[in-house]
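Participant: Structure provided below as structure tokens; questions to follow.
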Amino acid sequence: MINPNSIPILKLKEFLIVSIQTDLHDRMAEQLQHDILRRVSETSAKGVLIDISALEMVDSFIGRTLADTARMASILDAEIVIVGMKPAVAITLVELGLSLGEVRTALNLDEGYEMLQKSLALTDMEGEETSEEALAEEASDDDSRD
Amino acid sequence: MTIVEIKEESDIVRARAAAKEVAAVVGFGLVDQTRISTAVSELARNIFMYAGEGEVRIEEINVPQRGIRVYFLDQGPGIQDVDLALMDGWSTSNSMGKGLPGVKRLMDRLEIQTELGSGTTVVIEKWVRD
């Protein structure tokens with residue numbers, strides 16, 4: 001049976017995509033947080049795009065839940081980018097005094113996707129450097145043995 | 001007057017949707033509609049979390065200016081120190097007055113009547129700019 005509180009989470013390559021198309025009530029926001037973290041863990045996704053372009057308001061509860069989810073996902077080594085926030089929502093969030101913390105945001109899905117790909121490429125490069133260094137070290141070990 | 005009873009969590013969504021609808025009828029622009037529905041969401045949640053149940057009443061007004069007025073009524077524990085609750089920084093604590101400074105910034109008027117042990121009435125107003 002489809003859980004009426006659950007929002008679909010799609011996997012695309014190494015990323016997850018979530019589009020919130022309904023007015024979120026609190027329990028739904030909590031359920032979404034739980035579902036995203038579970039899927040990140042199951043799929044080893046490196047990034048999550050959350051599209052909130054259909055959300056007509058983000059109050060302190062929803063804002064906090066999104067920010068918490070991003071922090072939790074980052075501990076699981078996945079980066080969250082929130083995309084498509086309406087200008088009126090951004091204005092209201094700031095006036096309300098709510099900060100989304102270090103959550104990354106992008107204007108739309110395209111830009112959010114690019115953002116994730118760039119940070120993934122950076123991480124890969126760092127990974128390669130480390131493995132090259134490791135190889136070089138191994139090689140020098142071999143040399144010293146000769 | 002639109003009345004939304006707050007008894008369960010999904011009533012918070014109903015309250016903010018109703019407020020937005022009235023705000024649109026009154027003639028508020030999109031940003032103000034968002035400010036109003038967000039303020040209503042915050043205060044309706046306060047009722048649900050700290051008083052358990054209560055009522056939200058939404059009405060159009062023409063005095064002192066054309067706009068919207070929303071009452072939040074509950075018979076919960078009340079707010080211990082209203083002045084303190086209205087100070088920024090207080091919003092992080094877990095109490096009945098949570099989030100009030102933010103709500104005040106979103107609206108043109110915010111008034112609180114509260115009595116410990118017998119309940120709280122919060123009134124907010126926003127006026128249409130000419």
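Ordering of the structure tokens sets the chain letters (A, B, ...), residue numbers begin anew at 1 in every chain, and ligands are numbered from 1 in the order given.
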Compile a residue-level contact table for chain B against chain A at a cut-off of 6 Å, reporting for every qualifying residue the shortest atom pair and its distance in Å to one decimal, with only C-alpha atoms counted, rows ordered by chain and ascending number, as CSV.

Facilitator:
residue,atom,partner,partner_atom,distance
B:Val31,CA,A:Ala88,CA,4.7
B:Thr34,CA,A:Met57,CA,6.0
B:Arg35,CA,A:Thr92,CA,5.6
B:Thr38,CA,A:Asp59,CA,5.5
B:Gly102,CA,A:Leu96,CA,4.1

Participant: If you keep C-alpha atoms, can you produce a file of those selected residues as a short mmCIF file (atom, residue, chain, number, x, y, z; two decimals), in the first residue's frame?

Facilitator:
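Output below, filename part18.cif:
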data_model
loop_
_atom_site.label_atom_id
_atom_site.label_comp_id
_atom_site.auth_asym_id
_atom_site.auth_seq_id
_atom_site.Cartn_x
_atom_site.Cartn_y
_atom_site.Cartn_z
CA VAL B 31 4.84 37.93 -0.77
CA THR B 34 3.29 33.99 2.06
CA ARG B 35 4.13 36.10 5.14
CA THR B 38 3.74 31.42 7.44
CA GLY B 102 9.74 36.17 13.85
#

Participant: In region 5-121 of chain B, what's helix (DSSP H, G or I) per DSSP? Answer as a ChimeraX atom specification?

Facilitator: /B:10-26,30-51,82-85,90-92,100-106

Participant: Which residue is closest to Val103 (chain A)? Choose from A:Met115, A:Leu49, A:Leu66, A:Leu122 and count only C-alpha atoms.

Facilitator: A:Leu66

Participant: Between CA of Lys20 (chain B) and CA of His34 (chain A), what is the distance, to one decimal in Å?

Facilitator: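 CA of His34 (chain A) lies at a distance of 29.2 Å from CA of Lys20 (chain B).
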
Participant: Out of B:Asp32, B:Glu111, B:Asp83, B:Asp130, which residue has the shortest atom-to-atom distance to Arg66 (chain B) when counting only C-alpha atoms?

Facilitator: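 When distances to Arg66 (chain B) are compared using only C-alpha atoms, the smallest one comes from B:Asp130.
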
Participant: Residues of chain A in strand (DSSP E or B) according to DSSP, as a list of chain:residue names?

Facilitator: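 Output for chain A, strand (DSSP E or B) only: A:Ile9, A:Leu10, A:Lys11, A:Leu12, A:Phe15, A:Leu16, A:Ile17, A:Val18, A:Ser19, A:Gly47, A:Val48, A:Leu49, A:Ile50, A:Asp51, A:Glu79, A:Ile80, A:Val81, A:Ile82, A:Val83, A:Arg104, A:Thr105, A:Ala106.
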
Participant: If you keep C-alpha atoms, can you produce a file of those selected residues as a PDB file, in the first residue's frame?

Facilitator:
ATOM      1  CA  ILE A   9      12.496   9.580  -4.086  1.00  0.00           C
ATOM      2  CA  LEU A  10      14.041   8.846  -7.479  1.00  0.00           C
ATOM      3  CA  LYS A  11      17.570   7.594  -8.037  1.00  0.00           C
ATOM      4  CA  LEU A  12      19.483   8.934 -11.032  1.00  0.00           C
ATOM      5  CA  PHE A  15      22.107  11.131  -7.054  1.00  0.00           C
ATOM      6  CA  LEU A  16      18.650  11.081  -5.536  1.00  0.00           C
ATOM      7  CA  ILE A  17      15.921  13.443  -6.679  1.00  0.00           C
ATOM      8  CA  VAL A  18      12.963  14.485  -4.555  1.00  0.00           C
ATOM      9  CA  SER A  19      10.238  16.834  -5.697  1.00  0.00           C
ATOM     10  CA  GLY A  47      23.993  13.837  -3.533  1.00  0.00           C
ATOM     11  CA  VAL A  48      20.307  14.638  -3.084  1.00  0.00           C
ATOM     12  CA  LEU A  49      18.370  17.280  -4.990  1.00  0.00           C
ATOM     13  CA  ILE A  50      15.253  18.454  -3.185  1.00  0.00           C
ATOM     14  CA  ASP A  51      12.944  20.497  -5.375  1.00  0.00           C
ATOM     15  CA  GLU A  79      25.359  16.411  -0.126  1.00  0.00           C
ATOM     16  CA  ILE A  80      21.913  17.952  -0.210  1.00  0.00           C
ATOM     17  CA  VAL A  81      21.017  20.817  -2.523  1.00  0.00           C
ATOM     18  CA  ILE A  82      17.646  22.500  -2.149  1.00  0.00           C
ATOM     19  CA  VAL A  83      16.412  23.844  -5.451  1.00  0.00           C
ATOM     20  CA  ARG A 104      23.325  24.539  -0.287  1.00  0.00           C
ATOM     21  CA  THR A 105      20.663  26.000  -2.519  1.00  0.00           C
ATOM     22  CA  ALA A 106      20.305  26.455  -6.261  1.00  0.00           C
TER      23      ALA A 106
END

Participant: Ile68 (chain B): which residues within 7 Å, counting only C-alpha atoms, same-chain residues fewer than 2 positions away excluded, as a PyMOL selection string?

Facilitator: chain B and resi 23+59-61+70+125-127

Participant: Those residues with C-alpha atoms, as a PDB file, in the first residue's frame please?

Facilitator:
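Dumped to out13.pdb:
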ATOM      1  CA  ALA B  23      -5.415  37.036   2.217  1.00  0.00           C
ATOM      2  CA  GLU B  59     -11.382  37.708   9.209  1.00  0.00           C
ATOM      3  CA  GLU B  60     -11.177  40.574   6.743  1.00  0.00           C
ATOM      4  CA  ILE B  61     -10.928  44.012   8.314  1.00  0.00           C
ATOM      5  CA  VAL B  70      -6.307  36.351  12.767  1.00  0.00           C
ATOM      6  CA  GLU B 125      -3.006  41.834  11.711  1.00  0.00           C
ATOM      7  CA  LYS B 126      -1.590  42.734   8.383  1.00  0.00           C
ATOM      8  CA  TRP B 127      -2.697  45.720   6.339  1.00  0.00           C
TER       9      TRP B 127
END

Participant: Report, in Å to a single decimal, how far apart CA of Ala15 (chain B) and CA of Leu107 (chain A) are.

Facilitator: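 Taking CA of Leu107 (chain A) as the start and CA of Ala15 (chain B) as the end point, the length is 29.0 Å.
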
Participant: Could you tell me which of B:Leu106, B:Leu43, B:Ile112, B:Val56 comes closest to Val82 (chain B) if we count only C-alpha atoms?

Facilitator: B:Ile112
